[in-house]
>>> print(open('coords.pdb').read())   # PDB, C-alpha atoms
ATOM      1  CA  MET H  66     -11.574  70.637  -4.132
ATOM      2  CA  ASN H  67      -8.942  68.354  -2.676
ATOM      3  CA  LEU H  68      -5.302  69.101  -1.915
ATOM      4  CA  GLY H  69      -4.020  67.374  -5.073
ATOM      5  CA  GLN H  70      -6.198  69.521  -7.349
ATOM      6  CA  MET H  71      -5.143  72.711  -5.547
ATOM      7  CA  LEU H  72      -1.493  71.742  -5.853
ATOM      8  CA  LYS H  73      -1.928  71.191  -9.626
ATOM      9  CA  ILE H  74      -3.586  74.607 -10.026
ATOM     10  CA  VAL H  75      -0.845  76.379  -8.058
ATOM     11  CA  LEU H  76       1.928  74.603  -9.998
ATOM     12  CA  CYS H  77       0.297  75.308 -13.377
ATOM     13  CA  SER H  78      -0.250  78.955 -12.443
ATOM     14  CA  GLY H  79       3.353  79.314 -11.280
ATOM     15  CA  LEU H  80       4.688  77.663 -14.438
ATOM     16  CA  THR H  81       2.528  79.930 -16.587
ATOM     17  CA  VAL H  82       3.874  83.040 -14.854
ATOM     18  CA  VAL H  83       7.478  81.882 -15.317
ATOM     19  CA  LEU H  84       6.980  81.080 -19.003
ATOM     20  CA  LEU H  85       5.246  84.394 -19.685
ATOM     21  CA  SER H  86       8.047  86.260 -17.905
ATOM     22  CA  ILE H  87      10.659  84.536 -20.066
ATOM     23  CA  ALA H  88       8.706  85.225 -23.268
ATOM     24  CA  CYS H  89       8.195  88.915 -22.419
ATOM     25  CA  SER H  90      11.835  89.340 -21.482
ATOM     26  CA  ALA H  91      12.968  87.860 -24.819
ATOM     27  CA  ALA H  92      10.504  90.024 -26.742
ATOM     28  CA  MET H  93      11.797  93.191 -25.097
ATOM     29  CA  ARG H  94      15.344  92.366 -26.253
ATOM     30  CA  SER H  95      14.171  91.793 -29.820
ATOM     31  CA  PRO H  96      15.471  94.272 -32.472
ATOM     32  CA  VAL H  97      11.835  95.014 -33.329
ATOM     33  CA  ASN H  98      11.436  96.684 -29.936
ATOM     34  CA  GLN H  99      14.698  98.628 -30.007
ATOM     35  CA  THR H 100      14.541 102.376 -30.372
ATOM     36  CA  GLU H 101      16.287 104.032 -33.329
ATOM     37  CA  GLN H 102      18.945 105.307 -30.910
ATOM     38  CA  GLN H 103      19.628 101.779 -29.606
ATOM     39  CA  VAL H 104      19.885 100.420 -33.154
ATOM     40  CA  SER H 105      22.213 103.221 -34.243
ATOM     41  CA  MET H 106      24.426 102.573 -31.227
ATOM     42  CA  THR H 107      24.966  98.975 -32.369
ATOM     43  CA  ARG H 108      25.675  99.852 -36.038
ATOM     44  CA  ARG H 109      28.810 101.303 -37.541
ATOM     45  CA  ASP H 110      28.741 104.873 -38.812
ATOM     46  CA  ILE H 111      27.192 104.978 -42.296
ATOM     47  CA  ASN H 112      30.170 106.925 -43.689
ATOM     48  CA  ASP H 113      32.522 104.133 -42.595
ATOM     49  CA  VAL H 114      30.203 101.563 -44.175
ATOM     50  CA  LEU H 115      30.214 103.526 -47.446
ATOM     51  CA  LYS H 116      34.007 103.849 -47.354
ATOM     52  CA  ASP H 117      34.366 100.068 -46.916
ATOM     53  CA  HIS H 118      31.921  99.176 -49.707
ATOM     54  CA  ASP H 119      32.181 101.959 -52.307
ATOM     55  CA  LYS H 120      34.780 100.196 -54.455
ATOM     56  CA  GLU H 121      32.773  96.979 -54.725
ATOM     57  CA  LEU H 122      29.629  98.938 -55.645
ATOM     58  CA  LEU H 123      31.484 101.079 -58.199
ATOM     59  CA  ALA H 124      32.918  97.895 -59.766
ATOM     60  CA  ILE H 125      29.413  96.862 -60.859
ATOM     61  CA  PRO H 126      28.993  97.799 -64.552
ATOM     62  CA  GLY H 127      26.448 100.617 -64.850
ATOM     63  CA  VAL H 128      27.131 102.108 -61.400
ATOM     64  CA  VAL H 129      28.507 105.654 -61.670
ATOM     65  CA  GLY H 130      28.446 106.889 -58.079
ATOM     66  CA  VAL H 131      27.622 106.138 -54.445
ATOM     67  CA  TYR H 132      26.808 108.462 -51.565
ATOM     68  CA  VAL H 133      25.086 108.756 -48.197
ATOM     69  CA  GLY H 134      21.512 109.996 -48.486
ATOM     70  CA  LEU H 135      18.132 109.807 -46.777
ATOM     71  CA  LEU H 136      15.097 107.632 -47.332
ATOM     72  CA  PRO H 137      11.936 109.408 -48.560
ATOM     73  CA  ASP H 138      10.984 110.022 -44.899
ATOM     74  CA  ASP H 139      13.877 112.559 -44.833
ATOM     75  CA  LYS H 140      15.044 111.089 -41.508
ATOM     76  CA  THR H 141      16.496 107.635 -42.095
ATOM     77  CA  PRO H 142      20.053 107.456 -43.453
ATOM     78  CA  CYS H 143      20.692 105.165 -46.403
ATOM     79  CA  LEU H 144      23.260 104.435 -49.074
ATOM     80  CA  LYS H 145      22.376 105.641 -52.568
ATOM     81  CA  VAL H 146      23.792 104.018 -55.666
ATOM     82  CA  MET H 147      23.696 106.111 -58.846
ATOM     83  CA  VAL H 148      23.336 104.137 -62.071
ATOM     84  CA  VAL H 149      23.359 105.114 -65.742
ATOM     85  CA  LYS H 150      20.069 103.282 -66.282
ATOM     86  CA  GLU H 151      18.107 101.255 -63.742
ATOM     87  CA  THR H 152      17.770  97.709 -65.078
ATOM     88  CA  GLU H 153      16.502  94.428 -63.657
ATOM     89  CA  ASP H 154      20.085  93.104 -63.750
ATOM     90  CA  LEU H 155      21.321  96.014 -61.624
ATOM     91  CA  LYS H 156      18.419  95.575 -59.202
ATOM     92  CA  ARG H 157      19.555  91.975 -58.687
ATOM     93  CA  ARG H 158      23.262  92.799 -58.390
ATOM     94  CA  ILE H 159      23.031  95.758 -56.001
ATOM     95  CA  PRO H 160      22.283  94.644 -52.432
ATOM     96  CA  LYS H 161      19.055  95.840 -50.782
ATOM     97  CA  SER H 162      20.988  96.672 -47.613
ATOM     98  CA  ILE H 163      24.583  96.817 -46.427
ATOM     99  CA  GLU H 164      25.453  96.356 -42.758
ATOM    100  CA  GLY H 165      21.874  97.194 -41.785
ATOM    101  CA  TYR H 166      21.555 100.355 -43.888
ATOM    102  CA  PRO H 167      19.028 100.382 -46.735
ATOM    103  CA  VAL H 168      20.422 100.817 -50.249
ATOM    104  CA  LEU H 169      18.448 102.783 -52.849
ATOM    105  CA  ILE H 170      19.125 102.843 -56.580
ATOM    106  CA  GLU H 171      18.962 106.225 -58.276
ATOM    107  CA  GLU H 172      19.001 106.566 -62.069
ATOM    108  CA  SER H 173      21.335 109.470 -62.854
ATOM    109  CA  GLY H 174      22.443 108.858 -66.420
ATOM    110  CA  VAL H 175      26.054 109.201 -67.510
ATOM    111  CA  ILE H 176      28.184 111.481 -65.339
ATOM    112  CA  ARG H 177      30.972 113.396 -67.084
ATOM    113  CA  PRO H 178      33.354 116.063 -65.787
ATOM    114  CA  LEU H 179      32.788 119.604 -67.043
ATOM    115  CA  LYS H 180      35.156 120.457 -69.900
ATOM    116  CA  GLY H 181      37.557 123.331 -69.466
ATOM    117  CA  ARG H 182      37.081 123.548 -65.723
ATOM    118  CA  ILE H 183      39.836 122.656 -63.358
ATOM    119  CA  PRO H 184      38.661 122.213 -59.789
ATOM    120  CA  SER H 185      40.315 124.678 -57.443
ATOM    121  CA  ARG H 186      42.025 123.408 -54.334
ATOM    122  CA  SER H 187      41.778 125.881 -51.505
TER     123      SER H 187
END
>>> encode(input="coords.pdb", output="structure tokens")
Amino acid sequence: MNLGQMLKIVLCSGLTVVLLSIACSAAMRSPVNQTEQQVSMTRRDINDVLKDHDKELLAIPGVVGVYVGLLPDDKTPCLKVMVVKETEDLKRRIPKSIEGYPVLIEESGVIRPLKGRIPSRS
């Protein structure tokens, strides 16, 4: 093996190491590799998100309520939108996520206040 071939091998090896280092570094910063704690630190509080978006969700015909809930895993916070009847139109109109939080549709039927009961204020 002559000096020129050895120089090519060393340069190619060095370039490969540099490129792999850059690729690995970028992958480690990817949101896919962030822990739940890191993701939650970069997102706004879900209650603030709900407060900023509840009026626009409630303005959609058929939506009767919105609240903070949990996904079926009972760990992950989400926004829940209560609707009189779940329809394809509502599925299209209600966003799948808001500010990074998943949005679930929940069919609740019509919600009416109880007659004859005045809420007490303590």
>>> closest_residue(input="coords.pdb", among="H:Pro142, H:Gly174, H:Gly127, H:Glu121", to="H:Pro160", atoms="all atoms listed in the file")
H:Glu121
>>> atom_distance(input="coords.pdb", atom1="atom CA of H:Glu151", atom2="atom CA of H:Lys180")
26.4 Å
>>> atom_distance(input="coords.pdb", atom1="atom CA of H:Arg109", atom2="atom CA of H:Val128")
23.9 Å
>>> closest_residue(input="coords.pdb", among="H:Leu179, H:Asn67, H:Lys145, H:Leu169", to="H:Asp119", atoms="only C-alpha atoms")
H:Lys145
>>> atom_distance(input="coords.pdb", atom1="atom CA of H:Cys143", atom2="atom CA of H:Val168")
5.8 Å
